[in-house]
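> Just protein01.pdb, nothing more (PDB, C-alpha atoms):
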```
ATOM      1  CA  MET V   1       0.000   0.000   0.000  1.00  0.00           C
ATOM      2  CA  ASN V   2       1.408   3.389  -1.018  1.00  0.00           C
ATOM      3  CA  VAL V   3       0.887   6.162   1.488  1.00  0.00           C
ATOM      4  CA  GLN V   4       1.320   9.718   0.291  1.00  0.00           C
ATOM      5  CA  PRO V   5       2.495  12.334   2.785  1.00  0.00           C
ATOM      6  CA  ILE V   6      -0.190  14.803   3.799  1.00  0.00           C
ATOM      7  CA  SER V   7       0.343  18.111   2.086  1.00  0.00           C
ATOM      8  CA  PHE V   8      -1.392  21.382   2.727  1.00  0.00           C
ATOM      9  CA  GLY V   9      -0.372  22.902  -0.560  1.00  0.00           C
ATOM     10  CA  LYS V  10       0.399  22.067  -4.157  1.00  0.00           C
ATOM     11  CA  VAL V  11       3.226  22.260  -6.669  1.00  0.00           C
ATOM     12  CA  ILE V  12       1.891  21.877 -10.209  1.00  0.00           C
ATOM     13  CA  ARG V  13       3.796  22.199 -13.471  1.00  0.00           C
ATOM     14  CA  VAL V  14       2.246  24.422 -16.155  1.00  0.00           C
ATOM     15  CA  ASN V  15       2.527  23.371 -19.792  1.00  0.00           C
ATOM     16  CA  GLY V  16       2.949  26.800 -21.269  1.00  0.00           C
ATOM     17  CA  PRO V  17       4.743  30.100 -20.777  1.00  0.00           C
ATOM     18  CA  LYS V  18       5.130  32.000 -17.525  1.00  0.00           C
ATOM     19  CA  SER V  19       2.437  34.440 -18.680  1.00  0.00           C
ATOM     20  CA  THR V  20      -0.137  31.618 -18.711  1.00  0.00           C
ATOM     21  CA  ALA V  21       0.824  30.685 -15.147  1.00  0.00           C
ATOM     22  CA  GLN V  22       0.585  34.335 -14.092  1.00  0.00           C
ATOM     23  CA  ASN V  23      -2.916  34.567 -15.566  1.00  0.00           C
ATOM     24  CA  ILE V  24      -3.993  31.400 -13.728  1.00  0.00           C
ATOM     25  CA  LEU V  25      -2.606  32.669 -10.423  1.00  0.00           C
ATOM     26  CA  ALA V  26      -4.320  36.041 -10.857  1.00  0.00           C
ATOM     27  CA  LEU V  27      -7.638  34.305 -11.443  1.00  0.00           C
ATOM     28  CA  ALA V  28      -7.135  31.866  -8.547  1.00  0.00           C
ATOM     29  CA  ASN V  29      -6.121  34.566  -6.057  1.00  0.00           C
ATOM     30  CA  SER V  30      -8.805  37.084  -7.072  1.00  0.00           C
ATOM     31  CA  ASP V  31     -11.906  37.589  -4.949  1.00  0.00           C
ATOM     32  CA  VAL V  32     -13.666  39.260  -7.889  1.00  0.00           C
ATOM     33  CA  THR V  33     -15.310  37.117 -10.558  1.00  0.00           C
ATOM     34  CA  ASN V  34     -13.735  37.609 -13.972  1.00  0.00           C
ATOM     35  CA  LYS V  35     -16.657  37.423 -16.389  1.00  0.00           C
ATOM     36  CA  ALA V  36     -14.434  37.017 -19.459  1.00  0.00           C
ATOM     37  CA  HIS V  37     -12.602  34.019 -17.989  1.00  0.00           C
ATOM     38  CA  GLN V  38     -15.178  32.632 -15.593  1.00  0.00           C
ATOM     39  CA  SER V  39     -14.624  28.952 -16.454  1.00  0.00           C
ATOM     40  CA  VAL V  40     -10.835  29.172 -16.078  1.00  0.00           C
ATOM     41  CA  GLN V  41     -11.242  31.058 -12.807  1.00  0.00           C
ATOM     42  CA  ARG V  42     -13.646  28.419 -11.492  1.00  0.00           C
ATOM     43  CA  ASP V  43     -11.191  25.662 -12.487  1.00  0.00           C
ATOM     44  CA  ALA V  44      -8.258  27.539 -10.907  1.00  0.00           C
ATOM     45  CA  LYS V  45     -10.081  28.152  -7.622  1.00  0.00           C
ATOM     46  CA  LYS V  46     -11.123  24.507  -7.458  1.00  0.00           C
ATOM     47  CA  LEU V  47      -7.614  23.256  -8.257  1.00  0.00           C
ATOM     48  CA  PHE V  48      -5.936  25.642  -5.800  1.00  0.00           C
ATOM     49  CA  SER V  49      -8.528  25.466  -3.021  1.00  0.00           C
ATOM     50  CA  ASP V  50      -5.698  25.209  -0.472  1.00  0.00           C
ATOM     51  CA  ARG V  51      -4.464  28.780  -0.953  1.00  0.00           C
ATOM     52  CA  THR V  52      -4.233  30.892   2.198  1.00  0.00           C
ATOM     53  CA  LYS V  53      -3.471  34.475   3.154  1.00  0.00           C
ATOM     54  CA  ASN V  54       0.222  33.593   3.599  1.00  0.00           C
ATOM     55  CA  GLY V  55       0.178  30.942   0.875  1.00  0.00           C
ATOM     56  CA  PRO V  56      -1.530  32.377  -2.194  1.00  0.00           C
ATOM     57  CA  VAL V  57      -0.834  30.872  -5.584  1.00  0.00           C
ATOM     58  CA  ARG V  58       2.686  31.842  -6.723  1.00  0.00           C
ATOM     59  CA  VAL V  59       4.738  31.259  -9.877  1.00  0.00           C
ATOM     60  CA  LEU V  60       8.169  29.695  -9.686  1.00  0.00           C
ATOM     61  CA  THR V  61      10.365  29.044 -12.719  1.00  0.00           C
ATOM     62  CA  GLN V  62      13.384  26.803 -13.210  1.00  0.00           C
ATOM     63  CA  ASN V  63      15.834  26.038 -16.008  1.00  0.00           C
ATOM     64  CA  LYS V  64      16.049  29.690 -17.023  1.00  0.00           C
ATOM     65  CA  GLY V  65      12.251  29.987 -17.287  1.00  0.00           C
ATOM     66  CA  LYS V  66      11.678  26.826 -19.336  1.00  0.00           C
ATOM     67  CA  ASP V  67       9.915  25.000 -16.488  1.00  0.00           C
ATOM     68  CA  VAL V  68       7.020  26.873 -14.896  1.00  0.00           C
ATOM     69  CA  PHE V  69       5.303  25.821 -11.671  1.00  0.00           C
ATOM     70  CA  LEU V  70       2.394  27.099  -9.614  1.00  0.00           C
ATOM     71  CA  LEU V  71       2.638  26.713  -5.848  1.00  0.00           C
ATOM     72  CA  SER V  72      -0.133  27.162  -3.308  1.00  0.00           C
ATOM     73  CA  GLY V  73      -0.797  26.794   0.387  1.00  0.00           C
ATOM     74  CA  LYS V  74       2.047  25.530   2.572  1.00  0.00           C
ATOM     75  CA  GLU V  75       4.370  25.011  -0.395  1.00  0.00           C
ATOM     76  CA  SER V  76       3.834  28.626  -1.439  1.00  0.00           C
ATOM     77  CA  GLU V  77       4.682  29.767   2.102  1.00  0.00           C
ATOM     78  CA  ILE V  78       7.866  27.668   2.137  1.00  0.00           C
ATOM     79  CA  ALA V  79       9.013  29.131  -1.203  1.00  0.00           C
ATOM     80  CA  ALA V  80       8.247  32.699  -0.090  1.00  0.00           C
ATOM     81  CA  ASN V  81      10.128  32.203   3.197  1.00  0.00           C
ATOM     82  CA  THR V  82      13.130  30.710   1.381  1.00  0.00           C
ATOM     83  CA  ILE V  83      13.314  33.660  -1.027  1.00  0.00           C
ATOM     84  CA  GLU V  84      12.788  36.222   1.758  1.00  0.00           C
ATOM     85  CA  ARG V  85      15.543  34.651   3.873  1.00  0.00           C
ATOM     86  CA  ALA V  86      17.951  34.921   0.914  1.00  0.00           C
ATOM     87  CA  ARG V  87      17.014  38.579   0.366  1.00  0.00           C
ATOM     88  CA  LYS V  88      17.639  39.385   4.038  1.00  0.00           C
ATOM     89  CA  ASP V  89      20.985  37.578   4.029  1.00  0.00           C
ATOM     90  CA  LEU V  90      22.078  39.500   0.939  1.00  0.00           C
ATOM     91  CA  GLY V  91      20.851  42.790   2.386  1.00  0.00           C
ATOM     92  CA  VAL V  92      22.876  42.328   5.560  1.00  0.00           C
ATOM     93  CA  ALA V  93      25.918  41.173   3.592  1.00  0.00           C
ATOM     94  CA  LYS V  94      25.716  44.214   1.321  1.00  0.00           C
ATOM     95  CA  VAL V  95      25.891  46.508   4.339  1.00  0.00           C
ATOM     96  CA  PHE V  96      28.773  44.767   6.091  1.00  0.00           C
ATOM     97  CA  MET V  97      30.866  43.325   3.247  1.00  0.00           C
ATOM     98  CA  THR V  98      33.075  46.007   1.743  1.00  0.00           C
ATOM     99  CA  ASN V  99      35.122  43.655  -0.453  1.00  0.00           C
ATOM    100  CA  LYS V 100      33.276  43.232  -3.784  1.00  0.00           C
ATOM    101  CA  GLU V 101      34.865  39.870  -4.554  1.00  0.00           C
ATOM    102  CA  GLN V 102      33.877  38.560  -1.139  1.00  0.00           C
ATOM    103  CA  PHE V 103      30.315  39.796  -1.667  1.00  0.00           C
ATOM    104  CA  GLN V 104      30.140  38.165  -5.127  1.00  0.00           C
ATOM    105  CA  THR V 105      31.270  34.859  -3.610  1.00  0.00           C
ATOM    106  CA  PHE V 106      28.622  35.154  -0.894  1.00  0.00           C
ATOM    107  CA  LEU V 107      25.989  36.100  -3.502  1.00  0.00           C
ATOM    108  CA  SER V 108      26.816  32.992  -5.539  1.00  0.00           C
ATOM    109  CA  LYS V 109      26.632  30.808  -2.434  1.00  0.00           C
ATOM    110  CA  VAL V 110      23.251  32.197  -1.319  1.00  0.00           C
ATOM    111  CA  THR V 111      21.834  31.969  -4.853  1.00  0.00           C
ATOM    112  CA  LYS V 112      22.920  28.346  -5.215  1.00  0.00           C
ATOM    113  CA  GLN V 113      21.577  27.411  -1.783  1.00  0.00           C
ATOM    114  CA  THR V 114      18.221  29.094  -2.472  1.00  0.00           C
ATOM    115  CA  ASN V 115      17.908  27.461  -5.908  1.00  0.00           C
ATOM    116  CA  ASP V 116      18.783  24.065  -4.407  1.00  0.00           C
ATOM    117  CA  GLU V 117      16.133  24.448  -1.692  1.00  0.00           C
ATOM    118  CA  LEU V 118      13.471  25.498  -4.220  1.00  0.00           C
ATOM    119  CA  SER V 119      14.440  22.651  -6.565  1.00  0.00           C
ATOM    120  CA  HIS V 120      14.132  20.186  -3.684  1.00  0.00           C
ATOM    121  CA  LEU V 121      10.702  21.590  -2.806  1.00  0.00           C
ATOM    122  CA  ILE V 122       9.517  21.164  -6.391  1.00  0.00           C
ATOM    123  CA  THR V 123      11.042  17.713  -6.846  1.00  0.00           C
ATOM    124  CA  THR V 124       9.635  16.278  -3.634  1.00  0.00           C
ATOM    125  CA  ARG V 125       6.195  17.836  -3.722  1.00  0.00           C
ATOM    126  CA  LYS V 126       5.150  18.248  -7.355  1.00  0.00           C
ATOM    127  CA  ALA V 127       1.856  16.752  -8.422  1.00  0.00           C
ATOM    128  CA  PRO V 128       1.799  13.679 -10.695  1.00  0.00           C
ATOM    129  CA  PHE V 129       0.150  15.792 -13.391  1.00  0.00           C
ATOM    130  CA  SER V 130       0.671  19.090 -15.157  1.00  0.00           C
ATOM    131  CA  ILE V 131      -1.905  21.610 -16.316  1.00  0.00           C
ATOM    132  CA  GLU V 132      -2.551  23.603 -19.450  1.00  0.00           C
ATOM    133  CA  VAL V 133      -5.244  25.957 -20.657  1.00  0.00           C
ATOM    134  CA  ILE V 134      -7.159  24.551 -23.628  1.00  0.00           C
ATOM    135  CA  ASN V 135     -10.141  25.630 -25.676  1.00  0.00           C
ATOM    136  CA  HIS V 136     -12.976  23.192 -24.975  1.00  0.00           C
ATOM    137  CA  ARG V 137     -16.256  23.744 -26.817  1.00  0.00           C
ATOM    138  CA  GLY V 138     -15.636  27.439 -27.191  1.00  0.00           C
ATOM    139  CA  GLN V 139     -14.528  27.969 -23.588  1.00  0.00           C
ATOM    140  CA  HIS V 140     -11.036  28.103 -22.145  1.00  0.00           C
ATOM    141  CA  ARG V 141     -10.575  25.470 -19.425  1.00  0.00           C
ATOM    142  CA  ILE V 142      -7.735  24.170 -17.274  1.00  0.00           C
ATOM    143  CA  HIS V 143      -6.892  20.660 -18.380  1.00  0.00           C
ATOM    144  CA  LYS V 144      -4.873  18.139 -16.336  1.00  0.00           C
ATOM    145  CA  VAL V 145      -2.263  16.072 -18.153  1.00  0.00           C
ATOM    146  CA  ASN V 146      -0.948  12.951 -16.400  1.00  0.00           C
ATOM    147  CA  ILE V 147       2.830  12.720 -16.282  1.00  0.00           C
ATOM    148  CA  GLN V 148       4.323   9.452 -17.483  1.00  0.00           C
ATOM    149  CA  LYS V 149       6.938   7.998 -15.134  1.00  0.00           C
TER     150      LYS V 149
END
```
Take the structure from the file and write it as structure tokens.

Amino acid sequence: MNVQPISFGKVIRVNGPKSTAQNILALANSDVTNKAHQSVQRDAKKLFSDRTKNGPVRVLTQNKGKDVFLLSGKESEIAANTIERARKDLGVAKVFMTNKEQFQTFLSKVTKQTNDELSHLITTRKAPFSIEVINHRGQHRIHKVNIQK
């Protein structure tokens, strides 16, 4: 029997450009009904029903923008905290490090560590499907695509 760990958030790959993911997140996070894209908004809200005040739907890209993911709930919070921690570390370092080479080395280290943590989050928690927006009977809809292992 396979037991999946309980997750209070999602990591879902988007088949499409970052702009498509940004449109989905805007629709999912909005409290106002978008009449022009009502069906996509309904699909997005249903898919990302685990979003919270601190864990709204967020976009995260990898491989220089080639891989686009949407995160929500707890996973969104983890990603935001990881990025914020890196920003704070770099802000403090910028104030106290006067040697530019030393700062560049620290910047590279923090960037690599942050990217590694975000990659681990995506790898360990991504859904077994990806999503794309398709035209179905004259309406745009979010369609799930199962990922072959």
> For the atom pair CA of Val68 (chain V) and CA of Asn29 (chain V), what is the interatomic distance in Å to one decimal place?
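CA of Asn29 (chain V) lies at a distance of 17.6 Å from CA of Val68 (chain V).
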> When the PyMOL selection byres ((chain V and resi 44-59) around 9) is applied to the file above, which residues end up in the set, as a ChimeraX atom specification?
/V:8-10,18,21-22,24-29,39-43,60-61,68-80,142
> Selection in question (the file shown): the PyMOL selection byres ((chain V and resi 145) around 8). Which residues does it include, as number ranges by chain?
V: 129-132, 143-144, 146-147
> What is the distance between CA of Ser119 (chain V) and CA of Val133 (chain V), in Å to one decimal?
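Computing it gives 24.4 Å between the two atoms.
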> Rounded to one decimal place, report the CA of Glu101 (chain V)-CA of Arg85 (chain V) distance in Å.
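Rounded to one decimal, the two atoms are 21.7 Å apart.
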> Which is closer to Leu118 (chain V) than all the others in V:Thr33, V:Gln62, V:Asn23, V:Asn15, using all atoms listed in the file?
V:Gln62
> When distances are computed from only C-alpha atoms, which of V:Arg87, V:Lys100, V:Arg13, V:His37 shows the smallest separation from Arg141 (chain V)?
V:His37
